[in-house]
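*Asks:* Contents of work_35.txt (compact mmCIF, C-alpha atoms) are given next:
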```
# COMPACT_ATOMS: atom_id res chain seq x y z
CA MET A 956 261.00 -6.60 228.75
CA LYS A 957 264.53 -8.00 228.77
CA ASN A 958 265.86 -9.57 231.94
CA LYS A 959 269.55 -9.87 232.79
CA VAL A 960 270.43 -12.87 234.92
CA THR A 961 273.94 -13.78 236.03
CA VAL A 962 274.44 -17.52 236.37
CA SER A 963 277.33 -19.85 237.05
CA ILE A 964 278.02 -22.74 234.69
CA ALA A 965 281.06 -24.94 235.29
CA GLY A 966 282.60 -22.32 237.55
CA GLN A 967 282.24 -19.48 235.03
CA GLU A 968 279.90 -16.54 235.44
CA TYR A 969 277.63 -15.68 232.50
CA THR A 970 275.11 -12.90 232.13
CA LEU A 971 272.14 -14.12 230.15
CA VAL A 972 269.67 -11.70 228.61
CA GLY A 973 266.16 -12.72 227.62
CA THR A 974 262.47 -12.28 228.16
CA GLU A 975 262.03 -15.33 230.36
CA GLU A 976 261.59 -15.12 234.13
CA GLU A 977 264.75 -15.17 236.23
CA SER A 978 263.74 -18.42 237.94
CA TYR A 979 263.37 -20.14 234.56
CA VAL A 980 266.77 -18.89 233.35
CA ARG A 981 268.37 -20.10 236.57
CA GLN A 982 266.69 -23.50 236.18
CA ILE A 983 268.04 -23.83 232.62
CA ALA A 984 271.52 -22.74 233.70
CA ALA A 985 271.47 -25.22 236.58
CA HIS A 986 270.55 -28.00 234.17
CA VAL A 987 273.39 -27.10 231.82
CA ASP A 988 275.80 -26.80 234.75
CA ASP A 989 274.74 -30.22 236.02
CA GLN A 990 275.19 -31.80 232.59
CA VAL A 991 278.64 -30.25 232.09
CA ARG A 992 279.75 -31.34 235.57
CA GLN A 993 278.51 -34.90 235.01
CA VAL A 994 280.50 -35.18 231.81
CA ALA A 995 283.57 -33.54 233.37
CA ASP A 996 283.41 -35.86 236.39
CA ALA A 997 283.21 -38.93 234.15
CA GLY A 998 286.66 -38.41 232.66
CA ARG A 999 289.64 -36.16 232.30
CA MET A 1000 288.89 -33.73 229.54
CA SER A 1001 288.95 -30.04 228.92
CA MET A 1002 286.04 -27.84 229.89
CA VAL A 1003 285.39 -27.20 226.19
CA ASP A 1004 285.15 -30.93 225.52
CA SER A 1005 282.95 -31.38 228.59
CA ALA A 1006 280.66 -28.58 227.41
CA LEU A 1007 280.50 -30.06 223.91
CA LEU A 1008 279.62 -33.54 225.18
CA ALA A 1009 277.06 -32.03 227.56
CA ALA A 1010 275.52 -30.19 224.60
CA VAL A 1011 275.34 -33.48 222.68
CA ASN A 1012 273.65 -35.14 225.69
CA ILE A 1013 271.16 -32.29 226.00
CA ALA A 1014 270.43 -32.44 222.26
CA ASP A 1015 269.91 -36.22 222.57
CA GLN A 1016 267.45 -35.68 225.43
CA TYR A 1017 265.69 -32.98 223.41
CA PHE A 1018 265.24 -35.15 220.32
CA LYS A 1019 264.05 -38.11 222.38
CA GLU A 1020 261.49 -35.87 224.11
CA GLN A 1021 260.38 -34.51 220.73
CA ALA A 1022 259.86 -38.06 219.46
CA SER A 1023 257.95 -38.95 222.62
CA CYS A 1024 255.72 -35.87 222.23
CA GLU A 1025 255.07 -36.72 218.59
CA ASN A 1026 254.13 -40.27 219.59
CA LEU A 1027 251.71 -38.92 222.21
CA ARG A 1028 250.20 -36.53 219.65
CA ARG A 1029 249.68 -39.43 217.25
CA GLN A 1030 248.07 -41.55 219.97
CA LEU A 1031 245.82 -38.67 220.98
CA LYS A 1032 244.79 -38.08 217.37
CA GLU A 1033 243.99 -41.76 216.93
CA ALA A 1034 241.99 -41.81 220.17
CA LEU A 1035 240.02 -38.73 219.09
CA GLU A 1036 239.32 -40.27 215.68
CA GLU A 1037 238.17 -43.51 217.34
CA SER A 1038 235.96 -41.53 219.69
CA ALA A 1039 234.40 -39.70 216.74
CA ARG A 1040 233.76 -43.04 214.98
CA GLN A 1041 232.14 -44.45 218.10
CA LYS A 1042 229.95 -41.37 218.47
CA MET A 1043 228.79 -41.81 214.87
CA GLU A 1044 228.04 -45.50 215.49
CA LEU A 1045 226.12 -44.60 218.65
CA SER A 1046 224.15 -41.97 216.78
CA ASP A 1047 223.36 -44.44 214.00
CA ALA A 1048 222.31 -47.06 216.55
CA LYS A 1049 220.03 -44.57 218.32
CA ARG A 1050 218.39 -43.66 215.01
CA GLU A 1051 217.86 -47.35 214.22
CA ILE A 1052 216.36 -47.97 217.66
CA PHE A 1053 214.05 -44.99 217.19
CA LYS A 1054 212.94 -46.31 213.77
CA LEU A 1055 212.28 -49.77 215.19
CA GLN A 1056 210.31 -48.37 218.13
CA SER A 1057 208.18 -46.14 215.93
CA LYS A 1058 207.19 -49.13 213.70
CA ARG A 1059 205.48 -50.81 216.67
```
Kindly present the structure from the file in structure tokens form.

*Replies:*
Amino acid sequence: MKNKVTVSIAGQEYTLVGTEEESYVRQIAAHVDDQVRQVADAGRMSMVDSALLAAVNIADQYFKEQASCENLRRQLKEALEESARQKMELSDAKREIFKLQSKR
């Protein structure tokens, strides 16, 4: 079901349509509004330039988060592989102990 949510970004009203919950859409709009206002407050520039620089900042944050997630995935994969190796070593050691005990 499509939801219509009216939000304010940089003093302009926008009606956003999507399937996400209203609270989520408002959270996203608030983030964009905050980013645009931070850029606008940092210097004298047009709202279009502020919006463009805010979009660049948001894209930068996005790509850094993507890289961080990929790094965590790699670390998790390595940890799972190490765990599997250790389980195999433990299993081998248990078999060896069992063989040694049964020779007594």

*Asks:* Taking 6 positions as the minimum chain separation for residues in the same chain, which residues sit within 12 Å of Val960 in chain A when counting all atoms listed in the file? Answer as a compact mmCIF listing (two decimals) with C-alpha atoms, keeping the file's coordinate frame.

*Replies:*
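Below is the file that was written, selection_35.txt:
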```txt
# COMPACT_ATOMS: atom_id res chain seq x y z
CA GLU A 968 279.90 -16.54 235.44
CA TYR A 969 277.63 -15.68 232.50
CA THR A 970 275.11 -12.90 232.13
CA LEU A 971 272.14 -14.12 230.15
CA VAL A 972 269.67 -11.70 228.61
CA GLY A 973 266.16 -12.72 227.62
CA THR A 974 262.47 -12.28 228.16
CA GLU A 975 262.03 -15.33 230.36
CA GLU A 976 261.59 -15.12 234.13
CA GLU A 977 264.75 -15.17 236.23
CA SER A 978 263.74 -18.42 237.94
CA TYR A 979 263.37 -20.14 234.56
CA VAL A 980 266.77 -18.89 233.35
CA ARG A 981 268.37 -20.10 236.57
CA GLN A 982 266.69 -23.50 236.18
CA ILE A 983 268.04 -23.83 232.62
CA ALA A 984 271.52 -22.74 233.70
```

*Asks:* Which residue is closest to Ala1009 in chain A? Choose from A:Met956, A:Ala965, A:Ala1034, A:Val994 and count all atoms listed in the file.

*Replies:*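 Between A:Met956, A:Ala965, A:Ala1034, A:Val994, the residue approaching Ala1009 in chain A most closely is A:Val994.
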
*Asks:* Near range 1010-1012 of chain A, counting only C-alpha atoms, which residues have an atom at most 9 Å away, once you skip same-chain residues fewer than 5 positions from it, shown as a PyMOL selection string?

*Replies:* chain A and resi 987+990-991+1005+1017

*Asks:* Which distance in Å separates CA of Met1000 in chain A and CA of Ala1014 in chain A, to one decimal?

*Replies:* 19.9 Å

*Asks:* Just how far from CA of Phe1018 in chain A is CA of Ile964 in chain A, in Å to one decimal?

*Replies:* 22.9 Å

*Asks:* Taking into account only C-alpha atoms, which residue in the set A:Glu1033, A:Gly966, A:Gln1041, A:Glu1025 is nearest to Ala985 in chain A?

*Replies:*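 Between A:Glu1033, A:Gly966, A:Gln1041, A:Glu1025, the residue approaching Ala985 in chain A most closely is A:Gly966.
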
*Asks:* Take CA of His986 in chain A and CA of Lys1019 in chain A and report the distance between them in Å, one decimal.

*Replies:*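 Taking CA of His986 in chain A and CA of Lys1019 in chain A, their separation equals 16.8 Å.
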
*Asks:* Pick the closest to Asp1004 in chain A from A:Gln1016, A:Leu1031, A:Gln1021, A:Arg992: which is it, counting all atoms listed in the file?

*Replies:*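 Going through A:Gln1016, A:Leu1031, A:Gln1021, A:Arg992 one by one, the smallest distance to Asp1004 in chain A is for A:Arg992.
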